[in-house]
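Notes follow once the structure below has been shown.
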Amino acid sequence: MRSGYRWLGMLLLCLLLGACQTRDWAFVQSIGGIAVGEPYARPEGWYLPVEVDVSGMRTIAVKPTLQNSGLSCLQVEASVQDRQIFLTLVTALAGGGRRTDCPAVRLGRLAPGSYAVSYRGSDGHAVPLRNIVLGSDPFIK
C-alpha cells in the first residue's frame with residue numbers, strides 16, 4: 001500500500017507543478033501511435049495492455065515525427081462508459097525512475113462482453129482503436 005501512496009503523492013505534486021499533461025491524438029500520432037493488446041484478469045480486476053512510447057523512438061502504429069528526451073509516461077488513464085472504454089495518455093517530466101513506455105491500464109471489475117476501446121485526448125475527441133471481449137472474471141467467486 002505504501003507504493004500506492006507514493007504514486008498518489010507524485011501525481012498530486014505533478015499536477016500542482018503543472019508538469020503533467022494529458023495528450024491529444026495529434027501528440028500520440030507524432031510519437032508513433034498507440035496499440036492495445038489483449039485484456040487479462042488479475043485478482044484486482046481486468047487490465048488492458050497498451051503499447052505507447054512517449055520518446056518517439058519507436059514505431060507503434062505510425063512512423064514517429066517527434067522525439068522527446070525530457071518526457072516520461074506517467075500513466076494511461078481509462079474511463080468506462082457503458083460498453084465504451086476511453087484511454088488518455090498522461091505524460092510527466094522525465095526523471096524519478098519513470099519510463100517512456102506505459103504499463104497496462106487497470107480497468108477494474110467489468111461485466112463480461114464486448115467493449116469498444118477509443119483514445120480520447122485532452123481535446124475530448126475520441127478516436128476508435130479496437131474492440132475487445134471480456135470473459136467471466138475468473139477471480140470473482
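Identifiers in the C-alpha cells: chain A, B, ... in order shown; residue index from 1 per chain; ligand index from 1 in order shown.
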* Asked: Got a sec: who's within 7 Å of Gln67 of chain A, counting only C-alpha atoms, leaving out chain neighbours fewer than 4 positions off, as a PyMOL selection string?
  -> chain A and resi 31+55-57
* Would you mind listing what lies within 9 Å of Glu44 of chain A as a PyMOL selection string, with only C-alpha atoms counted and same-chain residues fewer than 4 positions away left out? => chain A and resi 106+108-109+139
Mind dumping the selected residues with C-alpha atoms as a PDB file, in the first residue's frame?
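Writing done, so here's part_21.pdb:
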```pdb
ATOM      1  CA  ARG A 106      -6.209  -1.155 -14.845  1.00  0.00           C
ATOM      2  CA  GLY A 108     -11.140  -2.860 -12.651  1.00  0.00           C
ATOM      3  CA  ARG A 109     -14.194  -5.105 -12.433  1.00  0.00           C
ATOM      4  CA  PHE A 139     -11.263 -14.191  -9.718  1.00  0.00           C
TER       5      PHE A 139
END
```
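Closest to Val52 of chain A among A:Leu74, A:Cys102, A:Leu87, A:Leu93 is A:Cys102, based on only C-alpha atoms.
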Residue set, chain A restricted to helix (DSSP H, G or I), as a PDB file with C-alpha atoms, in the first residue's frame:
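Contents of selection-v2.pdb, freshly written:
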```
ATOM      1  CA  ARG A   2       2.923   2.293   0.666  1.00  0.00           C
ATOM      2  CA  SER A   3       3.884   2.416  -3.044  1.00  0.00           C
ATOM      3  CA  GLY A   4       0.292   3.467  -3.822  1.00  0.00           C
ATOM      4  CA  TYR A   5       0.668   6.468  -1.522  1.00  0.00           C
ATOM      5  CA  ARG A   6       3.982   7.365  -3.137  1.00  0.00           C
ATOM      6  CA  TRP A   7       2.374   7.209  -6.605  1.00  0.00           C
ATOM      7  CA  LEU A   8      -0.551   9.338  -5.422  1.00  0.00           C
ATOM      8  CA  GLY A   9       1.845  11.883  -3.903  1.00  0.00           C
ATOM      9  CA  MET A  10       3.854  12.022  -7.122  1.00  0.00           C
ATOM     10  CA  LEU A  11       0.667  12.564  -9.147  1.00  0.00           C
ATOM     11  CA  LEU A  12      -0.525  15.375  -6.853  1.00  0.00           C
ATOM     12  CA  LEU A  13       2.875  17.078  -6.982  1.00  0.00           C
ATOM     13  CA  CYS A  14       2.953  16.729 -10.741  1.00  0.00           C
ATOM     14  CA  LEU A  15      -0.484  18.299 -11.083  1.00  0.00           C
ATOM     15  CA  LEU A  16       0.326  21.126  -8.665  1.00  0.00           C
ATOM     16  CA  LEU A  17       3.508  21.997 -10.537  1.00  0.00           C
ATOM     17  CA  TRP A  25      -4.468  12.430 -30.550  1.00  0.00           C
ATOM     18  CA  ALA A  26      -2.081  14.549 -32.644  1.00  0.00           C
ATOM     19  CA  PHE A  27       0.616  14.148 -29.959  1.00  0.00           C
ATOM     20  CA  VAL A  28       0.037  10.373 -29.759  1.00  0.00           C
ATOM     21  CA  GLN A  29       0.383  10.094 -33.541  1.00  0.00           C
ATOM     22  CA  SER A  30       3.534  12.247 -33.522  1.00  0.00           C
TER      23      SER A  30
END
```
* To do: Skip Arg98 of chain A itself and residues of its chain fewer than 2 positions away, then list as JSON, numbers by chain all residues within 8 Å of it, counting only C-alpha atoms.
  => {"A": [72, 73, 74, 94, 95, 96, 100]}
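Proximity to Arg130 of chain A at 12 Å, evaluated using only C-alpha atoms and with sequence-adjacent residues fewer than 4 positions away removed, yields Ile34, Ala35, Val36, Gly37, Glu38, Pro39, Leu48, Val50, Gln84, Ile85, Phe86, Leu87, Ser114, Tyr115, Ala116, Val117, Ser118 and Tyr119 of chain A.
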* Using only C-alpha atoms, which residue out of A:Gly121, A:Gly97, A:Pro103, A:Gly113 lies closest to Gln75 of chain A? -> A:Pro103
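Distance-wise, atom CA of Ala61 of chain A and atom CA of Gly45 of chain A end up 27.3 Å apart.
Considering the residues A:Glu77, A:Thr59, A:Pro112, A:Asp101 and counting only C-alpha atoms, Gly135 of chain A has its shortest atom-to-atom contact with A:Pro112.
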* To do: Can you check which residues of segment 42-138 of chain A DSSP gives as strand (DSSP E or B) on the backbone and send them as an MDAnalysis selection string?
  => chainID A and resid 42 45:48 50:51 53 71:81 84:93 101 105:108 113:120 126:134
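A straight line drawn from atom CA of Pro128 of chain A to atom CA of Leu71 of chain A is 25.2 Å long.
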* Of the residues A:Val80, A:Ala126, A:Ala41, A:Val133, which is the one nearest to Ala104 of chain A, using only C-alpha atoms? -> A:Ala41
Using only C-alpha atoms, which residues sit within 8 Å of Ile60 of chain A once same-chain residues fewer than 2 positions away are excluded, as a PDB file with N, CA and C atoms, in the first residue's frame?
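And here is the file that came out, part.pdb:
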```
ATOM      1  N   GLY A  32       4.477   8.078 -32.549  1.00  0.00           N
ATOM      2  CA  GLY A  32       4.474   6.711 -33.068  1.00  0.00           C
ATOM      3  C   GLY A  32       3.185   5.953 -32.871  1.00  0.00           C
ATOM      4  N   GLY A  33       2.192   6.578 -32.246  1.00  0.00           N
ATOM      5  CA  GLY A  33       0.895   5.946 -32.094  1.00  0.00           C
ATOM      6  C   GLY A  33       0.742   5.115 -30.831  1.00  0.00           C
ATOM      7  N   ILE A  34      -0.356   4.403 -30.771  1.00  0.00           N
ATOM      8  CA  ILE A  34      -0.699   3.581 -29.616  1.00  0.00           C
ATOM      9  C   ILE A  34      -1.345   2.298 -30.127  1.00  0.00           C
ATOM     10  N   ALA A  35      -1.062   1.200 -29.450  1.00  0.00           N
ATOM     11  CA  ALA A  35      -1.686  -0.086 -29.777  1.00  0.00           C
ATOM     12  C   ALA A  35      -2.235  -0.686 -28.491  1.00  0.00           C
ATOM     13  N   GLU A  51       0.540  -0.294 -25.795  1.00  0.00           N
ATOM     14  CA  GLU A  51       1.899  -0.077 -26.274  1.00  0.00           C
ATOM     15  C   GLU A  51       1.973   1.351 -26.782  1.00  0.00           C
ATOM     16  N   VAL A  52       2.730   2.160 -26.069  1.00  0.00           N
ATOM     17  CA  VAL A  52       2.959   3.554 -26.438  1.00  0.00           C
ATOM     18  C   VAL A  52       4.292   3.949 -25.826  1.00  0.00           C
ATOM     19  N   ASP A  53       5.063   4.749 -26.549  1.00  0.00           N
ATOM     20  CA  ASP A  53       6.379   5.171 -26.073  1.00  0.00           C
ATOM     21  C   ASP A  53       6.518   6.665 -26.338  1.00  0.00           C
ATOM     22  N   ARG A  58      10.227   4.791 -31.289  1.00  0.00           N
ATOM     23  CA  ARG A  58       9.752   3.524 -31.836  1.00  0.00           C
ATOM     24  C   ARG A  58       8.470   3.736 -32.630  1.00  0.00           C
ATOM     25  N   VAL A  62       2.259   4.129 -36.243  1.00  0.00           N
ATOM     26  CA  VAL A  62       2.665   5.004 -37.348  1.00  0.00           C
ATOM     27  C   VAL A  62       4.116   5.434 -37.104  1.00  0.00           C
ATOM     28  N   LYS A  63       4.748   5.916 -38.162  1.00  0.00           N
ATOM     29  CA  LYS A  63       6.129   6.388 -38.018  1.00  0.00           C
ATOM     30  C   LYS A  63       6.145   7.677 -37.193  1.00  0.00           C
TER      31      LYS A  63
END
```
